[in-house]
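Following: one structure in structure tokens, then a few remarks.
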Amino acid sequence: MLAAQITAPEKVELVEVKRPAPGPGEVLIEVAAAGICGTDLHIYHGEYEADYPIIAGHEFSGTVAAVGDGVTGYRPGDRVTADPNIPCNRCPACQRNEPNQCHELAAIGVTRDGAFAKYVLAPEGNVFHIGSLSFGAAAMVEPLACVVWGLKRVNVQPGDSALIFGAGPMGCLMLQAVRCAGAATVVITDLIPWRLEIAAGLGATAALLADDDMDRRLRELAPQGFDIVADATGRPEVREQAFEDVRPRGKVWVFGVCPPDSTACFNPYQVFRKDLSIIGSFAVCRTFQESIALIQSGAVRVEPLISHRLPLEQFAEALDVAEHAPDRMKVQITLR
């Protein structure tokens with residue numbers, strides 16, 4: 001089968017590899033769509049925990065091609081997506097029902113071959129039916145599931161106000177999910193005007209250009225600060241700004257992925273005096289079913305966030321588009 005393999009940092013090859021065969025309890029999925037995530041770019045640049053050569057790709061959908069012994073919930077032809085995270089279910093974290101913090105966490109497309117290929121394997125317990133969702137929309141379930149896990153951690157209350165830094169794909173998923181959870185006001189900021197237009201169309205109550213006048217406008221919208229301030233940019237300097245914009249007893253949601261060796265400064269006294277909560281959220285944590293329901297219902301719209309679709313044969317070009325194209329949002333590889 002054809003696959004896009006990252007053979008070493010910043011080296012990609014289209015290769016023919018043997019089609020995998022499902023073992024007991026496994027489902028073989030013929031990939032229809034697979035999204036390029038920031039994690040994939042980090043793997044490409046050698047900045048993430050992956051062993052080379054690796055077939056990346058952990059946001060995907062497709063149809064069941066074959067099933068292994070013991071699989072009862074799926075049959076060939078079923079339209080599916082899959083949670084890429086595979087916990088050991090034995091370690092102390094798993095025994096505390098914290099599978100995203102598993103001590104031996106494996107992940108499709110990170111520690112084992114993923115979906116930038118004709119076929120990908122997944123354990124039956126990680127596979128989900130997608131009904132009539134388009135394959136492109138279903139490949140957005142994984143990024144939304146990351147947002148939904150953070151949403152559960154942050155515990156949005158009815159009538160809350162929220163400020164989101166970053167109107168890229170994740171910020172736009174976040175704003176919709178926060179609105180669905182009951183926030184009355186969701187303000188989003190970005191450096192790119194056309195991204196703000198998309199965010200406004202997806203329900204942002206205000207979409208502000210991140211310029212020299214932004215602080216004044218934020219104070220007009222929320223003189224005491226926002227109940228929730230979330231960073232979807234992964235930039236340490238933005239994370240520092242969040243502490244200035246959150247109200248007393250508010251919550252700072254640490255979502256965007258900063259470089260592992262980066263640091264951000266905040267005033268500990270400010271956290272103490274304002275009774276602030278700092279909440280991190282990592283990956284997904286059994287939040288696929290809720291995310292599928294949100295997309296199926298139309299409560300969260302994902303199709304407007306898919307900006308580019310390229311075939312697997314143009315994978316190297318797709319990586320470049322995902323990192324550098326001025327009009328990029330979510331870039332997906334399509335295989336049918």
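Going through the structure tokens in order, the chains are called A, B, and so on, while each chain numbers its residues from 1 and the ligands are numbered from 1 in the order shown.
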Check: Could you pull out the strand (DSSP E or B) residues of segment 164-276 of chain A from DSSP and send them as a list of chain:residue names?
Finding: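 The strand (DSSP E or B) residues within segment 164-276 of chain A come out as A:Ile164, A:Phe165, A:Thr185, A:Val186, A:Val187, A:Ile188, A:Thr189, A:Asp190, A:Ala206, A:Ala207, A:Leu208, A:Leu209, A:Phe226, A:Asp227, A:Ile228, A:Val229, A:Ala230, A:Asp231, A:Val246, A:Arg247, A:Pro248, A:Arg249, A:Gly250, A:Lys251, A:Val252, A:Trp253, A:Val254.
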Please identify every residue of segment 46-119 of chain A that has at least one atom no farther than 10 Å from an atom of segment 303-314 of chain A, counting only C-alpha atoms, and for each give the shortest atom pair and the distance in Å to one decimal, arranged by chain then increasing number, as CSV.
residue,atom,partner,partner_atom,distance
A:Phe116,CA,A:Leu312,CA,7.0
A:Ala117,CA,A:Leu312,CA,7.5
A:Lys118,CA,A:Leu312,CA,8.7
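Close contacts of Ala283 of chain A, defined as residues with an atom at most 8 Å away when counting only C-alpha atoms, with chain neighbours fewer than 5 positions off set aside, comprise A:Asn100, A:Ala145, A:Cys146, A:Trp149.
Minimum atom-to-atom distance to Met140 of chain A, evaluated using only C-alpha atoms, belongs to A:His58 out of A:Arg247, A:Arg112, A:His42, A:His58.
Taking atom CA of Pro22 of chain A as the reference point, atom CA of Ala8 of chain A is found at 27.0 Å.
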Exercise: Gly77 of chain A partners within 7 Å, only C-alpha atoms, chain neighbours under 3 positions left out, as a compact mmCIF listing (two decimals) with C-alpha atoms, in the first residue's frame:
# COMPACT_ATOMS: atom_id res chain seq x y z
CA THR A 63 -14.33 2.58 6.16
CA VAL A 64 -13.67 -0.75 7.81
CA ALA A 65 -11.73 -3.01 5.43
Margin query: According to DSSP computed on the backbone, where in segment 156-320 of chain A is there alpha helix (DSSP H)? Give the residues as number ranges by chain.
Written below: A: 169-180, 193-201, 214-221, 236-245, 268-273, 288-297, 315-320
At a cut-off of 7 Å, using only C-alpha atoms, what residues contact Met174 of chain A? Leave out same-chain residues fewer than 4 positions from it and give the result as a PDB file with N, CA and C atoms, in the first residue's frame.
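Okay, this is what ended up in selection_13.pdb:
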ATOM      1  N   VAL A 147     -10.687  19.514  22.490  1.00  0.00           N
ATOM      2  CA  VAL A 147     -11.374  20.682  23.046  1.00  0.00           C
ATOM      3  C   VAL A 147     -12.401  20.252  24.083  1.00  0.00           C
ATOM      4  N   MET A 170      -8.265  25.230  15.968  1.00  0.00           N
ATOM      5  CA  MET A 170      -8.561  24.855  17.345  1.00  0.00           C
ATOM      6  C   MET A 170      -9.313  25.968  18.074  1.00  0.00           C
ATOM      7  N   VAL A 178     -17.445  26.197  23.629  1.00  0.00           N
ATOM      8  CA  VAL A 178     -17.701  27.021  24.819  1.00  0.00           C
ATOM      9  C   VAL A 178     -19.103  27.621  24.759  1.00  0.00           C
TER      10      VAL A 178
END
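If you look at atom CA of Pro268 of chain A and atom CA of Glu244 of chain A, they are 12.5 Å away from each other.
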Notebook entry, point to check: Near Gly171 of chain A, counting only C-alpha atoms, which residues have an atom at most 10 Å away, once you skip same-chain residues fewer than 4 positions from it, shown as a list of chain:residue names?
Noted result: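 Residues near the query, excluding close chain neighbours: A:Val147, A:Ile164, A:Phe165, A:Gly166, A:Ala167, A:Leu175, A:Gln176, A:Ala177, A:Ile188, A:Thr189, A:Asp190, A:Ala199, A:Ala230, A:Asp231, A:Ala232, A:Thr233, A:Phe255, A:Gly256.
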Next item on the list: Would you mind reading off the distance between atom CA of Ile192 of chain A and atom CA of Val229 of chain A, one decimal, in Å?
Entry: 19.5 Å
Check: Skipping near chain neighbours, those fewer than 2 positions away, what residues fall within 8 Å of Ala115 of chain A using only C-alpha atoms, listed as a PyMOL selection string?
Finding: chain A and resi 31+34+55-60+108-109+113+117-120
Residues from last step as file, N, CA and C atoms, as a PDB file, in the first residue's frame:
ATOM      1  N   VAL A  31      -8.378   4.362   4.860  1.00  0.00           N
ATOM      2  CA  VAL A  31      -8.434   5.791   5.177  1.00  0.00           C
ATOM      3  C   VAL A  31      -9.075   6.569   4.032  1.00  0.00           C
ATOM      4  N   ALA A  34      -7.510  12.381   6.301  1.00  0.00           N
ATOM      5  CA  ALA A  34      -6.624  12.476   7.467  1.00  0.00           C
ATOM      6  C   ALA A  34      -6.108  13.907   7.573  1.00  0.00           C
ATOM      7  N   ILE A  55       4.932   6.516  10.022  1.00  0.00           N
ATOM      8  CA  ILE A  55       3.812   7.043   9.236  1.00  0.00           C
ATOM      9  C   ILE A  55       2.944   7.806  10.228  1.00  0.00           C
ATOM     10  N   ALA A  56       2.938   9.139  10.120  1.00  0.00           N
ATOM     11  CA  ALA A  56       2.176   9.964  11.053  1.00  0.00           C
ATOM     12  C   ALA A  56       0.694   9.956  10.654  1.00  0.00           C
ATOM     13  N   GLY A  57      -0.083  10.791  11.329  1.00  0.00           N
ATOM     14  CA  GLY A  57      -1.505  10.922  11.022  1.00  0.00           C
ATOM     15  C   GLY A  57      -2.383  10.313  12.092  1.00  0.00           C
ATOM     16  N   HIS A  58      -3.003  11.172  12.926  1.00  0.00           N
ATOM     17  CA  HIS A  58      -3.849  10.669  14.003  1.00  0.00           C
ATOM     18  C   HIS A  58      -5.268  11.258  13.982  1.00  0.00           C
ATOM     19  N   GLU A  59      -5.572  12.130  13.009  1.00  0.00           N
ATOM     20  CA  GLU A  59      -6.926  12.659  12.836  1.00  0.00           C
ATOM     21  C   GLU A  59      -7.465  12.059  11.531  1.00  0.00           C
ATOM     22  N   PHE A  60      -8.329  11.068  11.603  1.00  0.00           N
ATOM     23  CA  PHE A  60      -8.674  10.376  10.363  1.00  0.00           C
ATOM     24  C   PHE A  60     -10.068   9.752  10.422  1.00  0.00           C
ATOM     25  N   ILE A 108      -1.644   6.128  17.794  1.00  0.00           N
ATOM     26  CA  ILE A 108      -1.619   5.925  16.343  1.00  0.00           C
ATOM     27  C   ILE A 108      -1.082   7.195  15.691  1.00  0.00           C
ATOM     28  N   GLY A 109      -0.086   7.046  14.836  1.00  0.00           N
ATOM     29  CA  GLY A 109       0.496   8.191  14.152  1.00  0.00           C
ATOM     30  C   GLY A 109       1.603   8.877  14.922  1.00  0.00           C
ATOM     31  N   ASP A 113       2.423   3.333  13.492  1.00  0.00           N
ATOM     32  CA  ASP A 113       2.069   3.906  12.198  1.00  0.00           C
ATOM     33  C   ASP A 113       0.627   4.388  12.160  1.00  0.00           C
ATOM     34  N   ALA A 117      -1.682   7.011   5.023  1.00  0.00           N
ATOM     35  CA  ALA A 117      -1.459   5.761   4.288  1.00  0.00           C
ATOM     36  C   ALA A 117      -2.813   5.244   3.830  1.00  0.00           C
ATOM     37  N   LYS A 118      -2.778   4.253   2.969  1.00  0.00           N
ATOM     38  CA  LYS A 118      -4.017   3.676   2.444  1.00  0.00           C
ATOM     39  C   LYS A 118      -4.825   2.997   3.545  1.00  0.00           C
ATOM     40  N   TYR A 119      -4.128   2.355   4.502  1.00  0.00           N
ATOM     41  CA  TYR A 119      -4.817   1.629   5.571  1.00  0.00           C
ATOM     42  C   TYR A 119      -4.144   1.947   6.907  1.00  0.00           C
ATOM     43  N   VAL A 120      -4.936   1.851   7.986  1.00  0.00           N
ATOM     44  CA  VAL A 120      -4.404   2.041   9.328  1.00  0.00           C
ATOM     45  C   VAL A 120      -5.110   1.073  10.266  1.00  0.00           C
TER      46      VAL A 120
END
Restrict the calculation to only C-alpha atoms, then for each residue of segment 181-228 of chain A with any atom at most 12 Å from an atom of segment 317-332 of chain A give the closest atom pair and their distance in Å to one decimal, rows by chain and rising residue number, as JSON lines.
{"residue": "A:Leu191", "atom": "CA", "partner": "A:Pro326", "partner_atom": "CA", "distance": 11.7}
{"residue": "A:Ile192", "atom": "CA", "partner": "A:Pro326", "partner_atom": "CA", "distance": 9.2}
{"residue": "A:Pro193", "atom": "CA", "partner": "A:Asp327", "partner_atom": "CA", "distance": 10.9}
{"residue": "A:Trp194", "atom": "CA", "partner": "A:Asp327", "partner_atom": "CA", "distance": 8.6}
{"residue": "A:Arg195", "atom": "CA", "partner": "A:Met329", "partner_atom": "CA", "distance": 8.4}
{"residue": "A:Leu196", "atom": "CA", "partner": "A:Met329", "partner_atom": "CA", "distance": 11.9}
{"residue": "A:Ile198", "atom": "CA", "partner": "A:Met329", "partner_atom": "CA", "distance": 10.3}
{"residue": "A:Ala199", "atom": "CA", "partner": "A:Met329", "partner_atom": "CA", "distance": 11.7}
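Closest approach to Ala137 of chain A among A:Pro248, A:Gly62, A:Gly234, A:Pro20 is made by A:Gly62 (distances from only C-alpha atoms).
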